[in-house]
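start-v7.txt (compact mmCIF, C-alpha atoms)
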```txt
# COMPACT_ATOMS: atom_id res chain seq x y z
CA MET A 94 38.70 -8.22 -7.14
CA SER A 95 37.54 -6.19 -4.16
CA THR A 96 39.77 -5.44 -1.22
CA VAL A 97 38.84 -5.02 2.43
CA THR A 98 40.50 -2.52 4.73
CA PRO A 99 41.68 -4.22 7.93
CA GLY A 100 39.21 -3.64 10.72
CA ALA A 101 36.51 -2.45 8.32
CA PRO A 102 33.39 -4.45 7.43
CA ALA A 103 33.45 -6.29 4.14
CA ARG A 104 31.61 -4.56 1.32
CA CYS A 105 29.35 -6.23 -1.19
CA PRO A 106 29.54 -4.83 -4.78
CA TYR A 107 26.22 -4.72 -6.64
CA GLN A 108 27.57 -7.12 -9.25
CA ALA A 109 27.65 -9.78 -6.54
CA VAL A 110 24.52 -8.77 -4.68
CA HIS A 111 22.87 -12.13 -5.23
CA THR A 112 25.84 -14.14 -3.95
CA CYS A 113 27.35 -11.90 -1.30
CA THR A 114 25.49 -12.10 2.01
CA THR A 115 27.72 -9.95 4.23
CA HIS A 116 25.77 -6.76 3.67
CA ARG A 117 22.45 -8.11 2.42
CA ALA A 118 20.48 -7.99 5.70
CA ALA A 119 20.85 -4.30 6.56
CA PRO A 120 19.82 -2.96 3.10
CA PHE A 121 16.93 -5.41 3.05
CA VAL A 122 15.63 -4.14 6.40
CA LEU A 123 16.15 -0.53 5.27
CA SER A 124 14.16 -1.08 2.05
CA ALA A 125 11.37 -2.78 3.99
CA SER A 126 11.29 0.07 6.53
CA ILE A 127 11.06 2.62 3.71
CA LEU A 128 8.10 0.80 2.18
CA ALA A 129 6.39 0.59 5.58
CA ALA A 130 7.08 4.26 6.41
CA LEU A 131 5.69 5.44 3.06
CA LEU A 132 2.42 3.63 3.69
CA ALA A 133 2.36 4.76 7.33
CA ALA A 134 2.47 8.35 6.11
CA SER A 135 -0.34 7.61 3.66
CA SER A 136 -2.68 6.41 6.42
CA ALA A 137 -1.65 8.83 9.18
CA PRO A 138 -4.30 11.44 8.19
CA THR A 139 -7.19 8.95 8.55
CA PRO A 140 -7.83 9.48 12.30
CA LEU A 141 -7.47 13.22 11.75
CA TYR A 142 -10.22 13.52 9.12
CA PRO A 143 -12.99 14.13 11.71
CA HIS A 144 -10.83 16.88 13.25
CA TYR A 145 -10.31 18.49 9.84
CA GLN A 146 -14.04 18.27 9.14
CA ASP A 147 -14.96 19.96 12.41
CA ALA A 148 -12.22 22.59 12.34
CA TRP A 149 -12.54 23.57 8.68
CA HIS A 150 -16.22 22.64 8.09
CA LEU A 151 -15.40 20.15 5.34
CA SER A 152 -17.91 17.88 3.60
CA ALA A 153 -17.50 14.14 3.10
CA LEU A 154 -16.81 14.80 -0.58
CA THR A 155 -13.96 17.18 0.30
CA ILE A 156 -12.44 14.56 2.60
CA THR A 157 -12.46 11.95 -0.16
CA VAL A 158 -10.92 14.50 -2.55
CA VAL A 159 -8.12 15.11 -0.03
CA PHE A 160 -7.67 11.36 0.25
CA SER A 161 -7.74 10.77 -3.50
CA ALA A 162 -5.44 13.68 -4.36
CA TYR A 163 -2.69 11.55 -2.86
CA SER A 164 -3.73 8.33 -4.60
CA LEU A 165 -4.23 9.83 -8.05
CA THR A 166 -0.91 11.70 -7.95
CA LEU A 167 0.76 8.50 -6.82
CA LEU A 168 -0.75 6.80 -9.86
CA LEU A 169 0.68 9.43 -12.19
CA ALA A 170 4.07 9.06 -10.53
CA LEU A 171 3.96 5.29 -10.92
CA LEU A 172 3.07 5.64 -14.60
CA THR A 173 5.97 8.01 -15.25
CA THR A 174 8.68 7.06 -12.74
CA GLY A 175 7.75 3.44 -12.00
CA ALA A 176 10.60 2.06 -14.13
CA LEU A 177 13.05 4.90 -13.44
CA SER A 178 15.05 3.00 -10.84
CA ASP A 179 15.60 0.20 -13.39
CA HIS A 180 17.60 2.77 -15.40
CA LEU A 181 19.14 5.15 -12.85
CA GLY A 182 19.52 2.69 -9.99
CA ARG A 183 17.51 2.28 -6.79
CA ARG A 184 19.64 4.58 -4.63
CA PRO A 185 19.30 7.97 -6.42
CA VAL A 186 15.55 7.50 -6.94
CA LEU A 187 15.00 6.59 -3.29
CA VAL A 188 17.11 9.44 -1.90
CA GLY A 189 15.34 12.07 -4.00
CA ALA A 190 11.86 10.68 -3.31
CA LEU A 191 12.44 10.40 0.44
CA LEU A 192 13.58 14.03 0.66
CA VAL A 193 10.46 15.17 -1.22
CA GLU A 194 8.37 12.98 1.10
CA ALA A 195 9.93 14.74 4.11
CA ILE A 196 9.01 18.13 2.63
CA SER A 197 5.42 16.99 2.09
CA MET A 198 5.20 16.00 5.76
CA VAL A 199 6.32 19.51 6.78
CA LEU A 200 3.59 20.95 4.56
CA MET A 201 1.03 18.62 6.12
CA ALA A 202 2.06 19.76 9.58
CA SER A 203 1.59 23.43 8.65
CA ALA A 204 -1.64 23.05 6.63
CA ASP A 205 -4.39 25.48 7.62
CA GLY A 206 -7.17 24.42 5.26
CA ALA A 207 -8.31 21.89 2.69
CA GLY A 208 -6.37 23.58 -0.13
CA ALA A 209 -3.04 23.37 1.70
CA LEU A 210 -3.79 19.79 2.69
CA ILE A 211 -4.48 18.82 -0.91
CA VAL A 212 -1.23 20.44 -2.10
CA ALA A 213 0.73 18.53 0.55
CA ARG A 214 -1.00 15.27 -0.36
CA VAL A 215 -0.25 15.79 -4.05
CA LEU A 216 3.45 16.22 -3.27
CA GLN A 217 3.31 13.20 -0.99
CA GLY A 218 1.69 11.09 -3.69
CA ALA A 219 4.37 12.02 -6.23
CA ALA A 220 7.17 11.10 -3.82
CA THR A 221 5.51 7.88 -2.70
CA GLY A 222 4.90 6.77 -6.27
CA ALA A 223 8.56 7.24 -7.17
CA ALA A 224 9.81 5.52 -4.02
CA THR A 225 7.38 2.60 -3.76
CA SER A 226 8.41 0.71 -6.87
CA ALA A 227 12.10 1.45 -6.24
CA ALA A 228 11.97 0.16 -2.65
CA GLY A 229 9.91 -2.87 -3.68
CA ALA A 230 12.33 -3.67 -6.51
CA ALA A 231 15.29 -3.27 -4.13
CA LEU A 232 13.73 -5.94 -1.90
CA LEU A 233 13.59 -8.27 -4.91
CA ASP A 234 17.21 -7.43 -5.78
CA LEU A 235 18.22 -8.48 -2.27
CA GLU A 236 16.44 -11.84 -2.35
CA ASP A 237 18.42 -14.42 -0.39
CA PRO A 238 18.67 -17.69 -2.37
CA ARG A 239 18.62 -19.54 0.96
CA ARG A 240 15.27 -17.94 1.85
CA PRO A 241 13.22 -17.89 -1.37
CA GLY A 242 9.96 -15.98 -1.23
CA ARG A 243 11.09 -13.60 1.52
CA SER A 244 11.08 -10.59 -0.82
CA ALA A 245 7.56 -11.28 -2.09
CA LEU A 246 6.38 -11.74 1.50
CA THR A 247 7.96 -8.45 2.55
CA ASN A 248 6.46 -6.63 -0.43
CA SER A 249 3.08 -7.91 0.72
CA ILE A 250 3.35 -7.34 4.46
CA ALA A 251 5.31 -4.06 4.68
CA PRO A 252 2.60 -1.85 3.10
CA VAL A 253 -0.28 -3.11 5.26
CA ALA A 254 1.89 -3.17 8.39
CA GLY A 255 2.92 0.39 7.58
CA MET A 256 -0.67 1.53 7.15
CA ALA A 257 -1.59 -0.05 10.47
CA ALA A 258 1.34 1.64 12.20
CA GLY A 259 0.46 5.02 10.68
CA VAL A 260 -3.14 4.88 11.87
CA LEU A 261 -2.15 3.67 15.34
CA ALA A 262 0.54 6.32 15.76
CA SER A 263 -1.79 9.08 14.61
CA THR A 264 -4.55 7.86 16.95
CA LEU A 265 -2.16 7.82 19.91
CA VAL A 266 -0.94 11.30 19.02
CA ILE A 267 -4.53 12.59 19.02
CA ARG A 268 -5.07 11.09 22.45
CA PHE A 269 -1.83 11.92 24.23
CA ALA A 270 0.36 14.44 22.33
CA PRO A 271 0.03 18.19 21.88
CA ALA A 272 -0.77 19.66 18.46
CA PRO A 273 -2.12 16.39 16.98
CA THR A 274 -2.36 17.76 13.43
CA ALA A 275 1.36 18.55 13.42
CA THR A 276 3.20 16.14 15.72
CA VAL A 277 2.78 12.92 13.73
CA TYR A 278 3.90 14.63 10.49
CA VAL A 279 6.99 16.15 12.11
CA VAL A 280 8.02 12.71 13.38
CA LEU A 281 7.53 11.23 9.90
CA ALA A 282 9.50 14.07 8.27
CA VAL A 283 12.47 13.32 10.53
CA LEU A 284 12.15 9.60 9.78
CA PHE A 285 12.18 10.13 5.99
CA ALA A 286 15.17 12.46 6.20
CA ALA A 287 17.05 9.85 8.24
CA GLN A 288 16.17 7.11 5.74
CA ALA A 289 17.40 9.26 2.85
CA VAL A 290 20.75 9.64 4.62
CA ALA A 291 20.91 5.90 5.32
CA VAL A 292 20.24 5.03 1.66
CA THR A 293 23.24 7.09 0.56
CA PHE A 294 25.48 4.69 2.51
CA THR A 295 24.11 1.51 0.92
CA ALA A 296 25.45 -0.23 -2.16
CA GLU A 297 23.50 0.00 -5.40
CA THR A 298 21.54 -3.22 -6.09
CA ALA A 299 20.55 -2.60 -9.71
CA ARG A 300 22.70 -2.24 -12.81
CA PRO A 301 21.86 1.21 -14.29
CA HIS A 302 21.40 1.34 -18.03
CA ALA A 303 20.35 3.79 -20.73
CA GLY A 304 16.78 4.86 -21.45
CA ALA A 305 15.89 6.82 -18.30
CA LEU A 306 14.22 9.71 -20.16
CA ARG A 307 12.34 7.34 -22.43
CA SER A 308 11.07 5.46 -19.38
CA LEU A 309 9.32 8.62 -18.13
CA ARG A 310 6.70 8.33 -20.85
CA PRO A 311 3.48 7.11 -19.18
CA GLN A 312 3.20 3.38 -19.74
CA LEU A 313 2.40 0.11 -18.05
CA ALA A 314 5.23 -2.25 -18.94
CA VAL A 315 4.08 -5.67 -17.81
CA PRO A 316 5.67 -8.77 -19.37
CA PRO A 317 3.10 -11.17 -20.88
CA PRO A 318 3.48 -13.93 -18.22
CA ALA A 319 3.05 -11.45 -15.35
CA ARG A 320 0.16 -9.88 -17.25
CA ARG A 321 -1.68 -13.21 -17.18
CA ALA A 322 -1.33 -13.35 -13.40
CA LEU A 323 -2.60 -9.78 -13.02
CA LEU A 324 -5.58 -10.53 -15.24
CA ALA A 325 -6.44 -13.55 -13.11
CA THR A 326 -6.15 -11.70 -9.80
CA GLY A 327 -7.00 -8.16 -10.91
CA THR A 328 -10.70 -8.20 -10.01
CA GLY A 329 -9.91 -9.36 -6.49
CA VAL A 330 -7.21 -6.69 -6.17
CA ILE A 331 -9.73 -4.05 -7.26
CA ALA A 332 -12.28 -5.25 -4.70
CA ILE A 333 -9.96 -5.32 -1.69
CA TRP A 334 -8.25 -1.99 -2.43
CA ALA A 335 -11.65 -0.38 -3.01
CA LEU A 336 -12.69 -1.61 0.44
CA GLY A 337 -9.45 -0.22 1.83
CA GLY A 338 -10.19 3.16 0.28
CA PHE A 339 -13.66 3.22 1.80
CA TYR A 340 -12.46 2.42 5.31
CA SER A 341 -9.53 4.82 5.02
CA SER A 342 -11.51 7.84 3.82
CA LEU A 343 -15.03 7.29 5.19
CA GLY A 344 -14.42 4.78 7.98
CA PRO A 345 -14.34 7.47 10.71
CA ALA A 346 -17.58 8.96 9.38
CA LEU A 347 -19.18 5.50 9.36
CA VAL A 348 -18.22 5.00 13.01
CA ARG A 349 -19.77 8.36 13.92
CA LEU A 350 -22.94 7.43 12.02
CA VAL A 351 -23.29 4.10 13.84
CA ALA A 352 -22.25 5.41 17.28
CA ALA A 353 -22.40 9.19 17.55
CA ASP A 354 -21.10 9.13 21.12
CA ALA A 355 -18.02 7.00 20.33
CA PRO A 356 -14.66 8.62 21.13
CA GLN A 357 -12.83 10.25 18.23
CA ALA A 358 -10.12 7.60 18.35
CA ALA A 359 -12.68 4.93 17.44
CA GLY A 360 -12.94 6.37 13.92
CA GLY A 361 -9.28 5.88 13.14
CA MET A 362 -9.07 2.50 14.83
CA VAL A 363 -11.55 0.95 12.38
CA PHE A 364 -8.95 1.31 9.59
CA PHE A 365 -6.25 0.11 11.96
CA THR A 366 -8.35 -3.02 12.51
CA LEU A 367 -8.43 -3.65 8.76
CA THR A 368 -4.71 -3.10 8.17
CA ALA A 369 -3.58 -5.01 11.27
CA ALA A 370 -5.74 -7.98 10.25
CA ALA A 371 -4.26 -7.77 6.75
CA ALA A 372 -0.68 -7.82 8.05
CA LEU A 373 -1.39 -10.80 10.32
CA THR A 374 -3.06 -12.64 7.44
CA VAL A 375 -0.09 -12.14 5.12
CA TRP A 376 2.23 -13.54 7.77
CA THR A 377 -0.08 -16.48 8.52
CA LEU A 378 -0.43 -17.39 4.83
CA ARG A 379 3.24 -16.91 3.97
CA ARG A 380 3.69 -20.60 3.11
CA SER A 381 0.28 -21.20 1.56
CA ALA A 382 -0.39 -21.66 -2.14
CA PRO A 383 -0.84 -18.15 -3.63
CA HIS A 384 -3.75 -19.14 -5.89
CA ALA A 385 -5.64 -20.60 -2.93
CA ALA A 386 -4.88 -17.51 -0.81
CA ALA A 387 -6.21 -15.15 -3.47
CA THR A 388 -9.35 -17.25 -3.95
CA GLY A 389 -10.06 -17.55 -0.22
CA GLY A 390 -9.51 -13.84 0.26
CA SER A 391 -11.94 -13.02 -2.54
CA LEU A 392 -14.56 -15.27 -0.95
CA ALA A 393 -14.15 -13.42 2.38
CA ILE A 394 -15.12 -10.07 0.83
CA VAL A 395 -18.84 -10.90 0.66
CA PRO A 396 -19.34 -11.68 4.38
CA ALA A 397 -17.09 -8.71 5.25
CA ALA A 398 -19.36 -6.34 3.34
CA ALA A 399 -22.48 -7.92 4.83
CA LEU A 400 -21.13 -7.71 8.38
CA THR A 401 -20.23 -4.04 7.96
CA LEU A 402 -23.72 -3.24 6.67
CA SER A 403 -25.29 -5.03 9.62
CA GLY A 404 -23.73 -2.33 11.79
CA LEU A 405 -26.12 0.13 10.12
CA HIS A 406 -29.08 -2.09 10.95
CA GLY A 407 -28.77 -2.40 14.71
CA ALA A 408 -25.66 -4.51 15.21
CA GLY A 409 -23.62 -1.41 16.08
CA LEU A 410 -19.87 -0.89 16.32
CA PRO A 411 -18.95 -4.57 16.98
CA ALA A 412 -20.29 -5.43 13.53
CA VAL A 413 -18.45 -2.51 11.89
CA TYR A 414 -15.18 -3.57 13.50
CA GLY A 415 -15.87 -7.22 12.71
CA GLY A 416 -16.50 -6.31 9.08
CA ALA A 417 -13.26 -4.31 9.03
CA ALA A 418 -11.32 -7.27 10.48
CA LEU A 419 -12.80 -9.65 7.91
CA ALA A 420 -12.09 -7.14 5.14
CA GLY A 421 -8.50 -7.02 6.41
CA ILE A 422 -8.24 -10.81 6.19
CA ALA A 423 -9.50 -10.60 2.61
CA PHE A 424 -7.07 -7.76 1.87
CA GLY A 425 -4.07 -9.67 3.19
CA ALA A 426 -4.95 -12.93 1.46
CA VAL A 427 -5.70 -11.41 -1.95
CA SER A 428 -2.77 -8.98 -2.02
CA HIS A 429 -0.27 -11.62 -0.90
CA GLY A 430 -1.60 -14.22 -3.32
CA ALA A 431 -1.74 -11.77 -6.22
CA LEU A 432 1.80 -10.50 -5.65
CA ARG A 433 3.26 -13.99 -5.36
CA MET A 434 1.49 -15.13 -8.51
CA THR A 435 2.77 -12.07 -10.39
CA LEU A 436 6.33 -12.24 -9.05
CA ALA A 437 6.57 -15.93 -9.92
CA TRP A 438 6.86 -14.90 -13.58
CA LEU A 439 8.92 -11.76 -12.98
CA ASP A 440 12.13 -11.19 -14.91
CA ALA A 441 14.89 -9.27 -13.10
CA ARG A 442 14.96 -6.58 -15.80
CA ASP A 443 11.30 -5.66 -15.27
CA ARG A 444 10.99 -5.67 -11.47
CA ALA A 445 10.28 -2.00 -10.80
CA ALA A 446 8.02 -1.59 -13.84
CA THR A 447 5.91 -4.64 -13.01
CA LEU A 448 5.52 -3.63 -9.37
CA ALA A 449 4.55 -0.16 -10.56
CA ALA A 450 1.78 -1.69 -12.70
CA TYR A 451 0.49 -3.64 -9.70
CA TYR A 452 0.42 -0.50 -7.56
CA VAL A 453 -1.25 1.49 -10.34
CA LEU A 454 -4.11 -0.99 -10.35
CA SER A 455 -4.21 -0.96 -6.53
CA TYR A 456 -4.30 2.79 -6.01
CA LEU A 457 -6.65 3.41 -8.90
CA SER A 458 -9.01 0.96 -7.23
CA MET A 459 -8.52 2.70 -3.90
CA SER A 460 -9.03 6.30 -5.04
CA LEU A 461 -11.74 6.47 -7.71
CA PRO A 462 -14.38 4.44 -5.81
CA ALA A 463 -13.63 6.49 -2.68
CA VAL A 464 -14.34 9.73 -4.56
CA ALA A 465 -17.54 8.21 -5.95
CA ALA A 466 -18.54 7.21 -2.41
CA GLY A 467 -17.84 10.74 -1.20
CA ALA A 468 -20.03 12.20 -3.95
CA ALA A 469 -22.78 9.69 -3.19
CA THR A 470 -22.55 10.56 0.50
CA GLN A 471 -22.90 14.24 -0.37
CA HIS A 472 -26.09 13.65 -2.37
CA TYR A 473 -27.72 10.60 -0.80
CA GLY A 474 -26.14 10.22 2.62
CA LEU A 475 -23.48 7.88 4.01
CA ARG A 476 -25.97 5.10 4.77
CA THR A 477 -27.03 4.80 1.11
CA ALA A 478 -23.47 5.18 -0.14
CA ALA A 479 -22.26 2.42 2.19
CA HIS A 480 -24.93 0.02 0.91
CA ALA A 481 -24.04 0.73 -2.73
CA TYR A 482 -20.33 0.35 -2.00
CA ALA A 483 -20.82 -2.96 -0.21
CA ILE A 484 -22.94 -4.40 -3.02
CA ALA A 485 -20.35 -3.34 -5.63
CA ALA A 486 -17.54 -4.93 -3.59
CA ALA A 487 -19.52 -8.17 -3.26
CA LEU A 488 -20.16 -8.32 -7.02
CA LEU A 489 -16.46 -7.74 -7.71
CA ALA A 490 -15.64 -10.55 -5.28
CA VAL A 491 -17.88 -12.98 -7.13
CA ALA A 492 -16.23 -11.99 -10.42
CA ALA A 493 -12.80 -12.42 -8.81
CA VAL A 494 -13.56 -15.96 -7.68
CA ALA A 495 -14.78 -16.81 -11.19
CA ALA A 496 -11.61 -15.38 -12.79
CA LEU A 497 -9.37 -17.26 -10.38
CA ALA A 498 -11.27 -20.48 -10.95
CA ALA A 499 -10.82 -20.08 -14.70
CA SER A 500 -7.06 -19.62 -14.24
CA THR A 501 -6.61 -22.65 -11.97
CA ARG A 502 -5.38 -25.02 -14.68
CA GLY A 503 -2.77 -22.61 -16.04
CA TRP A 504 -1.45 -21.77 -12.58
CA ALA A 505 -1.26 -25.44 -11.57
CA ALA A 506 0.74 -26.25 -14.70
CA HIS A 507 3.18 -23.40 -14.07
CA HIS A 508 3.41 -24.38 -10.39
CA ALA A 509 4.37 -27.95 -11.27
CA HIS A 510 6.82 -26.93 -14.02
CA ASN A 511 8.71 -24.40 -11.90
CA ASP A 512 8.34 -26.12 -8.51
CA LEU A 513 6.83 -22.96 -6.99
CA PRO A 514 5.51 -22.81 -3.43
```

When written as structure tokens, how does the structure in this file appear?
Amino acid sequence: MSTVTPGAPARCPYQAVHTCTTHRAAPFVLSASILAALLAASSAPTPLYPHYQDAWHLSALTITVVFSAYSLTLLLALLTTGALSDHLGRRPVLVGALLVEAISMVLMASADGAGALIVARVLQGAATGAATSAAGAALLDLEDPRRPGRSALTNSIAPVAGMAAGVLASTLVIRFAPAPTATVYVVLAVLFAAQAVAVTFTAETARPHAGALRSLRPQLAVPPPARRALLATGTGVIAIWALGGFYSSLGPALVRLVAADAPQAAGGMVFFTLTAAAALTVWTLRRSAPHAAATGGSLAIVPAAALTLSGLHGAGLPAVYGGAALAGIAFGAVSHGALRMTLAWLDARDRAATLAAYYVLSYLSMSLPAVAAGAATQHYGLRTAAHAYAIAAALLAVAAVAALAASTRGWAAHHAHNDLP
């Protein structure tokens, strides 16, 4: 039986984390802020890519390699450390990963060429991969029985809100602050260090158990029920994260192609438009049926791709930004629906591992097509690459709608049996 020192706040032991509410709110907010900050750091370089290209004479292919160095390393980290916090606990994994993330931000601030930038992004990807599944699983650990679905909603909205915040902050730094290629990273480094300190003062939310070393073997441990949900939504997830990768890595170059005289900030703001629209969509659809959200989001991909392409055929920047906004709506709807469908079948013992599998699929879809687009841009030009990318995204969207339609009966049966929202 726990005791409370007079005058001190009551403490909530991890054994009672699901019933004790005294200290649930603060750790929940901290975990959500960590997830948002990690994704903010991932998108912060986007508005700076044109500056890097001009200062270091980098090609579009090099920019996508810089972008994908982060994503591919994050994938490797997810494959090896995705389930680590299930064994060691959330707190030690988060503290270590956040400190490494802070170091990567210092390296980003001091980078003087593409090589240094790639090294920093590799370190950042490793830290983000270790922290993402741990922070996401901590949110699920802290689910309030009186507010069911809040953890799934936060896991959906925090990443896109973080990406939007990172792009916006970096764009504002370029416009108003000195040393734009350093300032935003220094601020993020301080933030990650502060979060690491804060995590050390929180209670552990998971019950550590043996098998930590064995869990480092690359694997995708997805329970069969959750696997069915990922198979149903996977094509849509691939399509929307591929679009996100295109706008994040080549969005600024697309803006410069459509409007050569546009201010530099316009390039970064196109990805902000996508991520802000995604965050607003997740919030708007928070009480909608997840299967319907994923299907509607997949349907929105086709007009989003078409609208973006119309910007290359005379419609100009309004069409590019409109396409980005519609792509963001698709991103928010599909990601929120897919996560809720997957988490509906999630067992407490497999939280971090299953989230890691979802993020592996997401970042693989974000990085590899972006590198292919960079290579195509190098050889055939951005205009041709954008057309090919848009057509591929539209075809994936059609396949996603078909897969979701085929899974409708199974999801409806599970929905009725478990009284899911």

At a cut-off of 9 Å, using all atoms listed in the file, what residues contact Ala426 (chain A)? Leave out same-chain residues fewer than 3 positions from it and give the result as a PyMOL selection string. chain A and resi 371+374-375+378+383+385-391+421-423+429-431

Expected file: the selected residues, C-alpha atoms, as a PDB file, keeping the file's coordinate frame:
```pdb
ATOM      1  CA  ALA A 371      -4.260  -7.770   6.750  1.00  0.00           C
ATOM      2  CA  THR A 374      -3.060 -12.640   7.440  1.00  0.00           C
ATOM      3  CA  VAL A 375      -0.090 -12.140   5.120  1.00  0.00           C
ATOM      4  CA  LEU A 378      -0.430 -17.390   4.830  1.00  0.00           C
ATOM      5  CA  PRO A 383      -0.840 -18.150  -3.630  1.00  0.00           C
ATOM      6  CA  ALA A 385      -5.640 -20.600  -2.930  1.00  0.00           C
ATOM      7  CA  ALA A 386      -4.880 -17.510  -0.810  1.00  0.00           C
ATOM      8  CA  ALA A 387      -6.210 -15.150  -3.470  1.00  0.00           C
ATOM      9  CA  THR A 388      -9.350 -17.250  -3.950  1.00  0.00           C
ATOM     10  CA  GLY A 389     -10.060 -17.550  -0.220  1.00  0.00           C
ATOM     11  CA  GLY A 390      -9.510 -13.840   0.260  1.00  0.00           C
ATOM     12  CA  SER A 391     -11.940 -13.020  -2.540  1.00  0.00           C
ATOM     13  CA  GLY A 421      -8.500  -7.020   6.410  1.00  0.00           C
ATOM     14  CA  ILE A 422      -8.240 -10.810   6.190  1.00  0.00           C
ATOM     15  CA  ALA A 423      -9.500 -10.600   2.610  1.00  0.00           C
ATOM     16  CA  HIS A 429      -0.270 -11.620  -0.900  1.00  0.00           C
ATOM     17  CA  GLY A 430      -1.600 -14.220  -3.320  1.00  0.00           C
ATOM     18  CA  ALA A 431      -1.740 -11.770  -6.220  1.00  0.00           C
TER      19      ALA A 431
END
```

For Ile211 (chain A), find every residue with an atom within 8 Å (counting only C-alpha atoms), except residues of its own chain fewer than 2 positions away, and show them as a ChimeraX atom specification. /A:158-159,162-163,207-209,213-215

I need the chosen residues saved as a PDB file, keeping the file's coordinate frame, with C-alpha atoms.
```
ATOM      1  CA  VAL A 158     -10.920  14.500  -2.550  1.00  0.00           C
ATOM      2  CA  VAL A 159      -8.120  15.110  -0.030  1.00  0.00           C
ATOM      3  CA  ALA A 162      -5.440  13.680  -4.360  1.00  0.00           C
ATOM      4  CA  TYR A 163      -2.690  11.550  -2.860  1.00  0.00           C
ATOM      5  CA  ALA A 207      -8.310  21.890   2.690  1.00  0.00           C
ATOM      6  CA  GLY A 208      -6.370  23.580  -0.130  1.00  0.00           C
ATOM      7  CA  ALA A 209      -3.040  23.370   1.700  1.00  0.00           C
ATOM      8  CA  ALA A 213       0.730  18.530   0.550  1.00  0.00           C
ATOM      9  CA  ARG A 214      -1.000  15.270  -0.360  1.00  0.00           C
ATOM     10  CA  VAL A 215      -0.250  15.790  -4.050  1.00  0.00           C
TER      11      VAL A 215
END
```

Draw an axis-aligned box over all listed atoms of region 361-380 of chain A, pad each side with 3 Å, and write its centre and edge lengths in Å, one decimal, as AutoDock Vina command-line options.
```
--center_x -3.9 --center_y -7.4 --center_z 9.0 --size_x 21.2 --size_y 32.5 --size_z 17.7
```

So that I can see what lies close to Ala227 (chain A), please list as a PyMOL selection string the residues with an atom at most 12 Å from it, counting all atoms listed in the file and leaving out residues fewer than 4 positions away in the same chain. chain A and resi 124-125+127-128+131+170-171+174-191+220-223+231-234+248+292+297-299+443-449+452

Which residues of region 262-355 of chain A sit at most 6 Å from region 486-504 of chain A, using only C-alpha atoms? Give each one's shortest atom pair and distance in Å (one decimal place), in chain and ascending residue order, as a tab-separated table.
```
residue	atom	partner	partner_atom	distance
A:Ala325	CA	A:Leu497	CA	5.5
A:Thr328	CA	A:Ala493	CA	4.9
A:Gly329	CA	A:Ala493	CA	4.8
A:Ala332	CA	A:Ala486	CA	5.4
```

In Å, how far is it from CA of Ser152 (chain A) to CA of Ile331 (chain A)?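 Straight-line distance from CA of Ser152 (chain A) to CA of Ile331 (chain A) works out to 25.8 Å.
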
Can you tell me which residues surround Thr274 (chain A) at a distance of at most 9 Å, considering all atoms listed in the file, apart from same-chain residues fewer than 6 positions away, and format the answer as JSON, numbers by chain? {"A": [138, 141, 144, 145, 201, 202, 203, 204, 263, 266, 267]}

Atomic distance CA of Gln146 (chain A) - CA of Leu402 (chain A), expressed in Å with one decimal: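 Result for CA of Gln146 (chain A) versus CA of Leu402 (chain A): 23.7 Å, one decimal.
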
One decimal place gives the CA of Leu123 (chain A)-CA of Trp376 (chain A) separation as 19.2 Å
